[in-house]
file structure_11.pdb (PDB, C-alpha atoms and all ligand atoms)
ATOM      1  CA  MET A  30       6.940 103.684 157.459  1.00  0.00           C
ATOM      2  CA  LYS A  31       3.408 104.707 156.353  1.00  0.00           C
ATOM      3  CA  HIS A  32       0.492 102.909 158.024  1.00  0.00           C
ATOM      4  CA  LEU A  33      -0.558 101.379 154.680  1.00  0.00           C
ATOM      5  CA  THR A  34       1.678 100.649 151.696  1.00  0.00           C
ATOM      6  CA  VAL A  35       0.206  99.151 148.519  1.00  0.00           C
ATOM      7  CA  VAL A  36       2.879  97.502 146.392  1.00  0.00           C
ATOM      8  CA  ASP A  37       1.774  98.528 142.917  1.00  0.00           C
ATOM      9  CA  HIS A  38       4.716  96.997 141.059  1.00  0.00           C
ATOM     10  CA  PRO A  39       3.650  95.630 137.640  1.00  0.00           C
ATOM     11  CA  LEU A  40       4.975  92.135 138.365  1.00  0.00           C
ATOM     12  CA  VAL A  41       3.106  91.969 141.672  1.00  0.00           C
ATOM     13  CA  GLN A  42      -0.106  93.192 140.062  1.00  0.00           C
ATOM     14  CA  HIS A  43       0.220  90.795 137.112  1.00  0.00           C
ATOM     15  CA  LYS A  44       0.746  87.795 139.371  1.00  0.00           C
ATOM     16  CA  LEU A  45      -2.079  88.880 141.649  1.00  0.00           C
ATOM     17  CA  THR A  46      -4.466  89.033 138.690  1.00  0.00           C
ATOM     18  CA  LEU A  47      -3.580  85.435 137.804  1.00  0.00           C
ATOM     19  CA  MET A  48      -4.174  84.403 141.426  1.00  0.00           C
ATOM     20  CA  ARG A  49      -7.573  86.079 141.527  1.00  0.00           C
ATOM     21  CA  GLU A  50      -8.863  84.198 138.472  1.00  0.00           C
ATOM     22  CA  LYS A  51     -11.196  81.474 139.635  1.00  0.00           C
ATOM     23  CA  ASP A  52      -9.901  78.832 137.216  1.00  0.00           C
ATOM     24  CA  THR A  53      -6.260  79.140 138.282  1.00  0.00           C
ATOM     25  CA  SER A  54      -5.143  75.680 139.430  1.00  0.00           C
ATOM     26  CA  THR A  55      -3.910  74.900 142.941  1.00  0.00           C
ATOM     27  CA  ALA A  56      -0.404  74.294 141.590  1.00  0.00           C
ATOM     28  CA  SER A  57      -0.315  77.635 139.766  1.00  0.00           C
ATOM     29  CA  PHE A  58      -1.845  79.477 142.717  1.00  0.00           C
ATOM     30  CA  ARG A  59       0.846  78.111 145.020  1.00  0.00           C
ATOM     31  CA  GLN A  60       3.640  78.928 142.588  1.00  0.00           C
ATOM     32  CA  LEU A  61       2.335  82.472 142.078  1.00  0.00           C
ATOM     33  CA  LEU A  62       2.037  82.991 145.818  1.00  0.00           C
ATOM     34  CA  ARG A  63       5.633  81.917 146.209  1.00  0.00           C
ATOM     35  CA  GLU A  64       6.786  84.316 143.517  1.00  0.00           C
ATOM     36  CA  ILE A  65       4.722  87.230 144.792  1.00  0.00           C
ATOM     37  CA  SER A  66       5.924  86.685 148.339  1.00  0.00           C
ATOM     38  CA  LEU A  67       9.529  87.234 147.176  1.00  0.00           C
ATOM     39  CA  LEU A  68       8.538  90.592 145.713  1.00  0.00           C
ATOM     40  CA  LEU A  69       6.597  91.548 148.835  1.00  0.00           C
ATOM     41  CA  ALA A  70       9.530  90.491 151.013  1.00  0.00           C
ATOM     42  CA  TYR A  71      11.717  92.895 149.056  1.00  0.00           C
ATOM     43  CA  GLU A  72       9.294  95.705 149.869  1.00  0.00           C
ATOM     44  CA  VAL A  73       8.718  94.784 153.519  1.00  0.00           C
ATOM     45  CA  THR A  74      12.445  94.816 154.237  1.00  0.00           C
ATOM     46  CA  ARG A  75      13.108  98.113 152.439  1.00  0.00           C
ATOM     47  CA  GLU A  76      13.545 100.168 155.621  1.00  0.00           C
ATOM     48  CA  LEU A  77      15.503  97.706 157.738  1.00  0.00           C
ATOM     49  CA  PRO A  78      18.399  99.471 159.451  1.00  0.00           C
ATOM     50  CA  VAL A  79      21.738  98.956 157.781  1.00  0.00           C
ATOM     51  CA  THR A  80      25.192  99.205 159.284  1.00  0.00           C
ATOM     52  CA  SER A  81      28.582  98.589 157.721  1.00  0.00           C
ATOM     53  CA  LYS A  82      31.278  96.038 158.291  1.00  0.00           C
ATOM     54  CA  GLN A  83      34.839  95.906 157.162  1.00  0.00           C
ATOM     55  CA  ILE A  84      35.426  93.297 154.430  1.00  0.00           C
ATOM     56  CA  GLU A  85      38.126  92.477 151.932  1.00  0.00           C
ATOM     57  CA  THR A  86      37.241  92.158 148.268  1.00  0.00           C
ATOM     58  CA  PRO A  87      39.872  90.558 145.992  1.00  0.00           C
ATOM     59  CA  LEU A  88      41.055  94.120 145.322  1.00  0.00           C
ATOM     60  CA  CYS A  89      40.939  96.029 148.571  1.00  0.00           C
ATOM     61  CA  GLU A  90      39.295  96.570 151.934  1.00  0.00           C
ATOM     62  CA  MET A  91      35.971  98.338 152.143  1.00  0.00           C
ATOM     63  CA  ALA A  92      33.243  99.240 154.635  1.00  0.00           C
ATOM     64  CA  ALA A  93      30.304  97.298 153.160  1.00  0.00           C
ATOM     65  CA  PRO A  94      26.619  97.553 154.108  1.00  0.00           C
ATOM     66  CA  THR A  95      25.001  94.784 156.113  1.00  0.00           C
ATOM     67  CA  ILE A  96      21.637  94.497 157.888  1.00  0.00           C
ATOM     68  CA  GLU A  97      21.918  95.661 161.474  1.00  0.00           C
ATOM     69  CA  GLY A  98      20.730  93.866 164.572  1.00  0.00           C
ATOM     70  CA  LYS A  99      19.391  90.443 165.424  1.00  0.00           C
ATOM     71  CA  LYS A 100      17.864  88.082 162.879  1.00  0.00           C
ATOM     72  CA  LEU A 101      14.372  88.936 161.664  1.00  0.00           C
ATOM     73  CA  VAL A 102      11.369  87.011 162.890  1.00  0.00           C
ATOM     74  CA  LEU A 103       8.667  85.900 160.477  1.00  0.00           C
ATOM     75  CA  VAL A 104       5.385  84.929 162.089  1.00  0.00           C
ATOM     76  CA  SER A 105       2.870  82.945 160.075  1.00  0.00           C
ATOM     77  CA  ILE A 106      -0.753  83.319 161.046  1.00  0.00           C
ATOM     78  CA  LEU A 107      -2.061  79.811 160.413  1.00  0.00           C
ATOM     79  CA  ARG A 108      -2.899  78.323 158.119  1.00  0.00           C
ATOM     80  CA  ALA A 109      -2.807  80.563 155.060  1.00  0.00           C
ATOM     81  CA  GLY A 110       0.190  82.509 156.386  1.00  0.00           C
ATOM     82  CA  ASN A 111       2.355  79.493 155.574  1.00  0.00           C
ATOM     83  CA  GLY A 112       1.993  80.194 151.852  1.00  0.00           C
ATOM     84  CA  LEU A 113       3.606  83.613 152.210  1.00  0.00           C
ATOM     85  CA  LEU A 114       6.144  82.350 154.736  1.00  0.00           C
ATOM     86  CA  ASP A 115       7.682  79.753 152.395  1.00  0.00           C
ATOM     87  CA  GLY A 116       8.519  82.292 149.706  1.00  0.00           C
ATOM     88  CA  ILE A 117       9.914  84.856 152.124  1.00  0.00           C
ATOM     89  CA  LEU A 118      12.155  82.233 153.719  1.00  0.00           C
ATOM     90  CA  GLU A 119      13.768  81.655 150.328  1.00  0.00           C
ATOM     91  CA  LEU A 120      14.881  85.272 150.346  1.00  0.00           C
ATOM     92  CA  ILE A 121      15.671  85.516 154.073  1.00  0.00           C
ATOM     93  CA  PRO A 122      16.790  81.975 154.942  1.00  0.00           C
ATOM     94  CA  ALA A 123      18.303  82.952 158.301  1.00  0.00           C
ATOM     95  CA  ALA A 124      15.049  84.435 159.644  1.00  0.00           C
ATOM     96  CA  ARG A 125      13.582  82.960 162.811  1.00  0.00           C
ATOM     97  CA  VAL A 126      10.013  81.686 162.494  1.00  0.00           C
ATOM     98  CA  GLY A 127       6.981  81.743 164.733  1.00  0.00           C
ATOM     99  CA  PHE A 128       3.398  80.527 164.339  1.00  0.00           C
ATOM    100  CA  VAL A 129       0.096  81.827 165.658  1.00  0.00           C
ATOM    101  CA  GLY A 130      -3.064  79.710 165.367  1.00  0.00           C
ATOM    102  CA  LEU A 131      -6.453  81.272 166.019  1.00  0.00           C
ATOM    103  CA  TYR A 132      -9.995  80.054 165.417  1.00  0.00           C
ATOM    104  CA  ARG A 133     -13.247  81.926 165.680  1.00  0.00           C
ATOM    105  CA  ASP A 134     -15.550  80.988 168.573  1.00  0.00           C
ATOM    106  CA  GLU A 135     -18.923  80.301 166.922  1.00  0.00           C
ATOM    107  CA  GLU A 136     -20.865  81.861 169.797  1.00  0.00           C
ATOM    108  CA  THR A 137     -18.843  84.932 170.723  1.00  0.00           C
ATOM    109  CA  LEU A 138     -17.315  85.305 167.217  1.00  0.00           C
ATOM    110  CA  GLU A 139     -14.094  86.256 169.032  1.00  0.00           C
ATOM    111  CA  PRO A 140     -10.724  84.812 167.933  1.00  0.00           C
ATOM    112  CA  VAL A 141      -9.424  82.095 170.294  1.00  0.00           C
ATOM    113  CA  GLN A 142      -5.786  81.016 170.394  1.00  0.00           C
ATOM    114  CA  TYR A 143      -5.036  77.309 169.769  1.00  0.00           C
ATOM    115  CA  TYR A 144      -1.321  77.549 168.990  1.00  0.00           C
ATOM    116  CA  PHE A 145       1.406  80.043 169.786  1.00  0.00           C
ATOM    117  CA  LYS A 146       5.117  79.452 169.381  1.00  0.00           C
ATOM    118  CA  VAL A 147       7.587  82.250 168.744  1.00  0.00           C
ATOM    119  CA  PRO A 148      11.359  82.712 169.049  1.00  0.00           C
ATOM    120  CA  LYS A 149      12.914  84.296 172.141  1.00  0.00           C
ATOM    121  CA  ASN A 150      13.998  87.948 172.437  1.00  0.00           C
ATOM    122  CA  LEU A 151      11.142  89.292 170.335  1.00  0.00           C
ATOM    123  CA  GLU A 152      11.709  92.703 171.911  1.00  0.00           C
ATOM    124  CA  ASP A 153      15.080  93.034 170.162  1.00  0.00           C
ATOM    125  CA  ARG A 154      13.917  91.952 166.712  1.00  0.00           C
ATOM    126  CA  THR A 155      11.880  93.177 163.787  1.00  0.00           C
ATOM    127  CA  VAL A 156       8.826  90.905 163.548  1.00  0.00           C
ATOM    128  CA  ILE A 157       7.026  90.457 160.226  1.00  0.00           C
ATOM    129  CA  ALA A 158       3.579  88.902 160.717  1.00  0.00           C
ATOM    130  CA  VAL A 159       2.190  87.337 157.543  1.00  0.00           C
ATOM    131  CA  ASP A 160      -1.357  86.424 156.546  1.00  0.00           C
ATOM    132  CA  PRO A 161      -2.496  86.641 152.916  1.00  0.00           C
ATOM    133  CA  MET A 162      -5.946  88.074 153.686  1.00  0.00           C
ATOM    134  CA  LEU A 163      -6.626  91.079 155.936  1.00  0.00           C
ATOM    135  CA  ALA A 164     -10.417  90.727 155.956  1.00  0.00           C
ATOM    136  CA  THR A 165     -12.311  91.805 159.119  1.00  0.00           C
ATOM    137  CA  GLY A 166      -8.974  92.386 160.813  1.00  0.00           C
ATOM    138  CA  ASN A 167     -10.167  90.652 163.990  1.00  0.00           C
ATOM    139  CA  SER A 168      -7.796  87.709 163.870  1.00  0.00           C
ATOM    140  CA  SER A 169      -4.908  89.847 162.618  1.00  0.00           C
ATOM    141  CA  ALA A 170      -5.412  92.338 165.459  1.00  0.00           C
ATOM    142  CA  ALA A 171      -5.628  89.442 167.955  1.00  0.00           C
ATOM    143  CA  ALA A 172      -2.437  87.890 166.559  1.00  0.00           C
ATOM    144  CA  ILE A 173      -0.620  91.223 166.943  1.00  0.00           C
ATOM    145  CA  ASP A 174      -1.953  91.470 170.537  1.00  0.00           C
ATOM    146  CA  LEU A 175      -0.353  88.094 171.281  1.00  0.00           C
ATOM    147  CA  LEU A 176       2.948  89.120 169.685  1.00  0.00           C
ATOM    148  CA  LYS A 177       3.032  92.310 171.732  1.00  0.00           C
ATOM    149  CA  GLN A 178       2.245  90.341 174.908  1.00  0.00           C
ATOM    150  CA  ALA A 179       5.234  88.129 174.024  1.00  0.00           C
ATOM    151  CA  GLY A 180       7.428  91.244 173.904  1.00  0.00           C
ATOM    152  CA  ALA A 181       7.427  92.319 170.239  1.00  0.00           C
ATOM    153  CA  LYS A 182       7.826  96.063 169.850  1.00  0.00           C
ATOM    154  CA  ASN A 183       8.626  96.463 166.193  1.00  0.00           C
ATOM    155  CA  ILE A 184       6.032  94.657 164.073  1.00  0.00           C
ATOM    156  CA  ILE A 185       5.145  94.910 160.386  1.00  0.00           C
ATOM    157  CA  PHE A 186       2.041  93.198 158.985  1.00  0.00           C
ATOM    158  CA  LEU A 187       2.319  91.742 155.483  1.00  0.00           C
ATOM    159  CA  CYS A 188      -0.662  90.543 153.465  1.00  0.00           C
ATOM    160  CA  LEU A 189      -1.637  89.943 149.861  1.00  0.00           C
ATOM    161  CA  LEU A 190      -5.070  91.564 149.940  1.00  0.00           C
ATOM    162  CA  ALA A 191      -6.586  93.989 152.425  1.00  0.00           C
ATOM    163  CA  SER A 192     -10.137  95.243 152.863  1.00  0.00           C
ATOM    164  CA  PRO A 193     -10.836  98.822 153.952  1.00  0.00           C
ATOM    165  CA  GLU A 194     -12.599  97.377 157.019  1.00  0.00           C
ATOM    166  CA  GLY A 195      -9.537  95.308 157.971  1.00  0.00           C
ATOM    167  CA  VAL A 196      -7.181  98.242 157.533  1.00  0.00           C
ATOM    168  CA  ALA A 197      -9.430 100.442 159.714  1.00  0.00           C
ATOM    169  CA  ARG A 198      -9.639  97.744 162.400  1.00  0.00           C
ATOM    170  CA  MET A 199      -5.847  97.379 162.478  1.00  0.00           C
ATOM    171  CA  LYS A 200      -5.318 101.119 162.518  1.00  0.00           C
ATOM    172  CA  GLU A 201      -7.607 101.425 165.529  1.00  0.00           C
ATOM    173  CA  ALA A 202      -6.074  98.483 167.424  1.00  0.00           C
ATOM    174  CA  HIS A 203      -2.433  98.807 166.330  1.00  0.00           C
ATOM    175  CA  PRO A 204      -1.646 102.219 164.832  1.00  0.00           C
ATOM    176  CA  ASP A 205       2.063 101.479 165.338  1.00  0.00           C
ATOM    177  CA  VAL A 206       2.015  98.448 163.008  1.00  0.00           C
ATOM    178  CA  PRO A 207       2.543  99.301 159.323  1.00  0.00           C
ATOM    179  CA  ILE A 208       0.621  97.206 156.795  1.00  0.00           C
ATOM    180  CA  ILE A 209       2.101  96.205 153.456  1.00  0.00           C
ATOM    181  CA  THR A 210      -0.229  94.697 150.869  1.00  0.00           C
ATOM    182  CA  ALA A 211      -0.431  94.007 147.148  1.00  0.00           C
ATOM    183  CA  SER A 212      -3.955  95.450 146.937  1.00  0.00           C
ATOM    184  CA  LEU A 213      -6.532  97.385 148.904  1.00  0.00           C
ATOM    185  CA  ASP A 214      -9.746  95.814 147.614  1.00  0.00           C
ATOM    186  CA  GLU A 215     -13.214  97.297 147.547  1.00  0.00           C
ATOM    187  CA  LYS A 216     -15.056  95.816 150.522  1.00  0.00           C
ATOM    188  CA  LEU A 217     -16.020  92.806 152.615  1.00  0.00           C
ATOM    189  CA  ASN A 218     -19.181  90.900 151.748  1.00  0.00           C
ATOM    190  CA  GLU A 219     -21.738  89.706 154.331  1.00  0.00           C
ATOM    191  CA  LYS A 220     -19.795  86.447 154.804  1.00  0.00           C
ATOM    192  CA  GLY A 221     -16.551  88.268 155.553  1.00  0.00           C
ATOM    193  CA  TYR A 222     -14.943  87.578 152.161  1.00  0.00           C
ATOM    194  CA  ILE A 223     -12.852  90.254 150.496  1.00  0.00           C
ATOM    195  CA  VAL A 224     -14.471  91.535 147.253  1.00  0.00           C
ATOM    196  CA  PRO A 225     -13.346  91.231 144.473  1.00  0.00           C
ATOM    197  CA  GLY A 226     -10.742  89.167 146.364  1.00  0.00           C
ATOM    198  CA  LEU A 227      -9.581  85.722 145.372  1.00  0.00           C
ATOM    199  CA  GLY A 228     -11.821  83.477 147.488  1.00  0.00           C
ATOM    200  CA  ASP A 229     -10.538  81.471 150.423  1.00  0.00           C
ATOM    201  CA  ALA A 230      -6.749  81.762 150.269  1.00  0.00           C
ATOM    202  CA  GLY A 231      -6.156  78.636 152.402  1.00  0.00           C
ATOM    203  CA  ASP A 232      -8.509  76.511 150.290  1.00  0.00           C
ATOM    204  CA  ARG A 233      -6.952  77.753 147.090  1.00  0.00           C
ATOM    205  CA  MET A 234      -3.367  77.154 148.163  1.00  0.00           C
ATOM    206  CA  PHE A 235      -3.953  73.771 149.794  1.00  0.00           C
ATOM    207  CA  GLY A 236      -6.641  72.468 147.403  1.00  0.00           C
ATOM    208  CA  THR A 237      -9.174  71.923 150.184  1.00  0.00           C
ATOM    209  CA  LYS A 238     -12.939  72.412 149.774  1.00  0.00           C
TER     210      LYS A 238
HETATM  211  N1  LIG A 301     -10.031  84.831 154.260  1.00  0.00           N
HETATM  212  C1  LIG A 301      -9.888  84.384 152.986  1.00  0.00           C
HETATM  213  O1  LIG A 301      -9.189  83.415 152.735  1.00  0.00           O
HETATM  214  N2  LIG A 301     -10.518  85.052 152.006  1.00  0.00           N
HETATM  215  C2  LIG A 301     -11.269  86.140 152.221  1.00  0.00           C
HETATM  216  O2  LIG A 301     -11.798  86.712 151.265  1.00  0.00           O
HETATM  217  C3  LIG A 301     -11.411  86.586 153.562  1.00  0.00           C
HETATM  218  C4  LIG A 301     -10.785  85.909 154.555  1.00  0.00           C
END
call {"tool": "encode", "arguments": {"input": "structure_11.pdb", "output": "structure tokens"}}
result
Amino acid sequence: MKHLTVVDHPLVQHKLTLMREKDTSTASFRQLLREISLLLAYEVTRELPVTSKQIETPLCEMAAPTIEGKKLVLVSILRAGNGLLDGILELIPAARVGFVGLYRDEETLEPVQYYFKVPKNLEDRTVIAVDPMLATGNSSAAAIDLLKQAGAKNIIFLCLLASPEGVARMKEAHPDVPIITASLDEKLNEKGYIVPGLGDAGDRMFGTK
């Protein structure tokens, strides 16, 4: 898989435009995120290994394709990751789920872990880490560090928007982790927001602020 894939499907781009608009309501934002996450899940799972199993249709036997290996693991990077997670779980209901919580230390500006819970046998599974916004890339890179420490070897990072700075940071820290996004935006501003972006994804999906 390429290091960066931008999903430029018309439906994804249309829904993303609606999400970016500042007057989009919390309810619509959440619904759109759910819909877009289904389309992104389709893309993120495109290269999963497939094997075949013998089945019987009403007419005959056949060797039919089925996804190989252990169940996928979805890891939500709290809190905004939960918005993407919900939609993806609709499409992949048997996936295992993990959570990573990080906050930024005000003095060192480094990400600090406050929650970490992931399924067992990460080393044998494809892990899809989800966070809508790849901004500075610091917390995403730290979350991937934690997943690797827990044994994950095959990780894909899925986001809605990425900044060039975030992509570069991830490429430096985790060149083996492909990134899938709906858009590579222009830049980060001085406050660390993605521009043009969509604002604070967590605030917009949960109606906080
Ligand atoms: N996190 C957000 O929610 N939005 C940004 O623009 C950057 C980080």
call {"tool": "resolve_selection", "arguments": {"input": "structure_11.pdb", "expression": "the PyMOL selection byres (((chain A and resi 65) around 10) and not hetatm)", "output": "PDB file with C-alpha atoms, in the frame of the given file"}}
result
ATOM      1  CA  LEU A  40       4.975  92.135 138.365  1.00  0.00           C
ATOM      2  CA  VAL A  41       3.106  91.969 141.672  1.00  0.00           C
ATOM      3  CA  GLN A  42      -0.106  93.192 140.062  1.00  0.00           C
ATOM      4  CA  HIS A  43       0.220  90.795 137.112  1.00  0.00           C
ATOM      5  CA  LYS A  44       0.746  87.795 139.371  1.00  0.00           C
ATOM      6  CA  LEU A  45      -2.079  88.880 141.649  1.00  0.00           C
ATOM      7  CA  MET A  48      -4.174  84.403 141.426  1.00  0.00           C
ATOM      8  CA  ARG A  59       0.846  78.111 145.020  1.00  0.00           C
ATOM      9  CA  GLN A  60       3.640  78.928 142.588  1.00  0.00           C
ATOM     10  CA  LEU A  61       2.335  82.472 142.078  1.00  0.00           C
ATOM     11  CA  LEU A  62       2.037  82.991 145.818  1.00  0.00           C
ATOM     12  CA  ARG A  63       5.633  81.917 146.209  1.00  0.00           C
ATOM     13  CA  GLU A  64       6.786  84.316 143.517  1.00  0.00           C
ATOM     14  CA  SER A  66       5.924  86.685 148.339  1.00  0.00           C
ATOM     15  CA  LEU A  67       9.529  87.234 147.176  1.00  0.00           C
ATOM     16  CA  LEU A  68       8.538  90.592 145.713  1.00  0.00           C
ATOM     17  CA  LEU A  69       6.597  91.548 148.835  1.00  0.00           C
ATOM     18  CA  ALA A  70       9.530  90.491 151.013  1.00  0.00           C
ATOM     19  CA  TYR A  71      11.717  92.895 149.056  1.00  0.00           C
ATOM     20  CA  LEU A 113       3.606  83.613 152.210  1.00  0.00           C
ATOM     21  CA  GLY A 116       8.519  82.292 149.706  1.00  0.00           C
ATOM     22  CA  ILE A 117       9.914  84.856 152.124  1.00  0.00           C
ATOM     23  CA  LEU A 189      -1.637  89.943 149.861  1.00  0.00           C
ATOM     24  CA  ALA A 211      -0.431  94.007 147.148  1.00  0.00           C
TER      25      ALA A 211
END
call {"tool": "resolve_selection", "arguments": {"input": "structure_11.pdb", "expression": "the PyMOL selection byres (((chain A and resi 170-183) around 6) and not hetatm)", "output": "JSON, numbers by chain"}}
result
{"A": [151, 152, 155, 166, 167, 168, 169, 184, 199]}
call {"tool": "residues_around", "arguments": {"input": "structure_11.pdb", "residues": "Val73 (chain A)", "least_positions_apart": "5", "cutoff": "8 Å", "atoms": "only C-alpha atoms", "output": "number ranges by chain"}}
result
A: 185, 187, 209
call {"tool": "resolve_selection", "arguments": {"input": "structure_11.pdb", "expression": "the PyMOL selection byres (((not hetatm)) within 8 of (chain A and resi 301))", "output": "PyMOL selection string"}}
result
chain A and resi 109+161-165+217+221-224+226-232
call {"tool": "residues_near_point", "arguments": {"input": "structure_11.pdb", "point": "(19.6, 94.8, 168.0)", "cutoff": "10 Å", "atoms": "all atoms listed in the file", "output": "list in words"}}
result
Pro78, Glu97, Gly98, Lys99, Lys100, Asn150, Glu152, Asp153, Arg154 and Thr155 of chain A
call {"tool": "closest_residue", "arguments": {"input": "structure_11.pdb", "among": "A:Thr210, A:Thr237, A:Thr95, A:Ser105", "to": "Lys31 (chain A)", "atoms": "all atoms listed in the file"}}
result
A:Thr210
call {"tool": "build_atoms", "arguments": {"input": "structure_11.pdb", "residues": "region 107-124 of chain A", "atoms": "N, CA and C atoms", "output": "PDB file, in the frame of the given file"}}
result
ATOM      1  N   LEU A 107      -1.617  81.070 161.033  1.00  0.00           N
ATOM      2  CA  LEU A 107      -2.061  79.811 160.413  1.00  0.00           C
ATOM      3  C   LEU A 107      -3.495  79.930 159.911  1.00  0.00           C
ATOM      4  N   ARG A 108      -3.831  79.157 158.838  1.00  0.00           N
ATOM      5  CA  ARG A 108      -2.899  78.323 158.119  1.00  0.00           C
ATOM      6  C   ARG A 108      -2.384  78.992 156.855  1.00  0.00           C
ATOM      7  N   ALA A 109      -3.153  79.995 156.362  1.00  0.00           N
ATOM      8  CA  ALA A 109      -2.807  80.563 155.060  1.00  0.00           C
ATOM      9  C   ALA A 109      -1.488  81.327 155.094  1.00  0.00           C
ATOM     10  N   GLY A 110      -1.073  81.790 156.277  1.00  0.00           N
ATOM     11  CA  GLY A 110       0.190  82.509 156.386  1.00  0.00           C
ATOM     12  C   GLY A 110       1.369  81.685 155.881  1.00  0.00           C
ATOM     13  N   ASN A 111       1.234  80.347 155.978  1.00  0.00           N
ATOM     14  CA  ASN A 111       2.355  79.493 155.574  1.00  0.00           C
ATOM     15  C   ASN A 111       2.714  79.654 154.095  1.00  0.00           C
ATOM     16  N   GLY A 112       1.727  79.998 153.276  1.00  0.00           N
ATOM     17  CA  GLY A 112       1.993  80.194 151.852  1.00  0.00           C
ATOM     18  C   GLY A 112       2.928  81.366 151.619  1.00  0.00           C
ATOM     19  N   LEU A 113       2.725  82.445 152.346  1.00  0.00           N
ATOM     20  CA  LEU A 113       3.606  83.613 152.210  1.00  0.00           C
ATOM     21  C   LEU A 113       4.964  83.326 152.854  1.00  0.00           C
ATOM     22  N   LEU A 114       4.919  82.641 153.979  1.00  0.00           N
ATOM     23  CA  LEU A 114       6.144  82.350 154.736  1.00  0.00           C
ATOM     24  C   LEU A 114       7.178  81.618 153.881  1.00  0.00           C
ATOM     25  N   ASP A 115       6.744  80.583 153.156  1.00  0.00           N
ATOM     26  CA  ASP A 115       7.682  79.753 152.395  1.00  0.00           C
ATOM     27  C   ASP A 115       8.501  80.580 151.412  1.00  0.00           C
ATOM     28  N   GLY A 116       7.818  81.467 150.691  1.00  0.00           N
ATOM     29  CA  GLY A 116       8.519  82.292 149.706  1.00  0.00           C
ATOM     30  C   GLY A 116       9.493  83.241 150.381  1.00  0.00           C
ATOM     31  N   ILE A 117       9.058  83.862 151.459  1.00  0.00           N
ATOM     32  CA  ILE A 117       9.914  84.856 152.124  1.00  0.00           C
ATOM     33  C   ILE A 117      11.167  84.183 152.686  1.00  0.00           C
ATOM     34  N   LEU A 118      10.998  82.955 153.169  1.00  0.00           N
ATOM     35  CA  LEU A 118      12.155  82.233 153.719  1.00  0.00           C
ATOM     36  C   LEU A 118      13.212  81.938 152.660  1.00  0.00           C
ATOM     37  N   GLU A 119      12.778  81.862 151.392  1.00  0.00           N
ATOM     38  CA  GLU A 119      13.768  81.655 150.328  1.00  0.00           C
ATOM     39  C   GLU A 119      14.693  82.860 150.221  1.00  0.00           C
ATOM     40  N   LEU A 120      14.104  84.041 150.466  1.00  0.00           N
ATOM     41  CA  LEU A 120      14.881  85.272 150.346  1.00  0.00           C
ATOM     42  C   LEU A 120      15.633  85.594 151.639  1.00  0.00           C
ATOM     43  N   ILE A 121      15.052  85.211 152.767  1.00  0.00           N
ATOM     44  CA  ILE A 121      15.671  85.516 154.073  1.00  0.00           C
ATOM     45  C   ILE A 121      15.811  84.197 154.839  1.00  0.00           C
ATOM     46  N   PRO A 122      16.733  83.331 154.375  1.00  0.00           N
ATOM     47  CA  PRO A 122      16.790  81.975 154.942  1.00  0.00           C
ATOM     48  C   PRO A 122      17.199  81.925 156.403  1.00  0.00           C
ATOM     49  N   ALA A 123      17.845  82.992 156.902  1.00  0.00           N
ATOM     50  CA  ALA A 123      18.303  82.952 158.301  1.00  0.00           C
ATOM     51  C   ALA A 123      17.243  83.471 159.263  1.00  0.00           C
ATOM     52  N   ALA A 124      16.089  83.886 158.751  1.00  0.00           N
ATOM     53  CA  ALA A 124      15.049  84.435 159.644  1.00  0.00           C
ATOM     54  C   ALA A 124      14.597  83.378 160.643  1.00  0.00           C
TER      55      ALA A 124
END
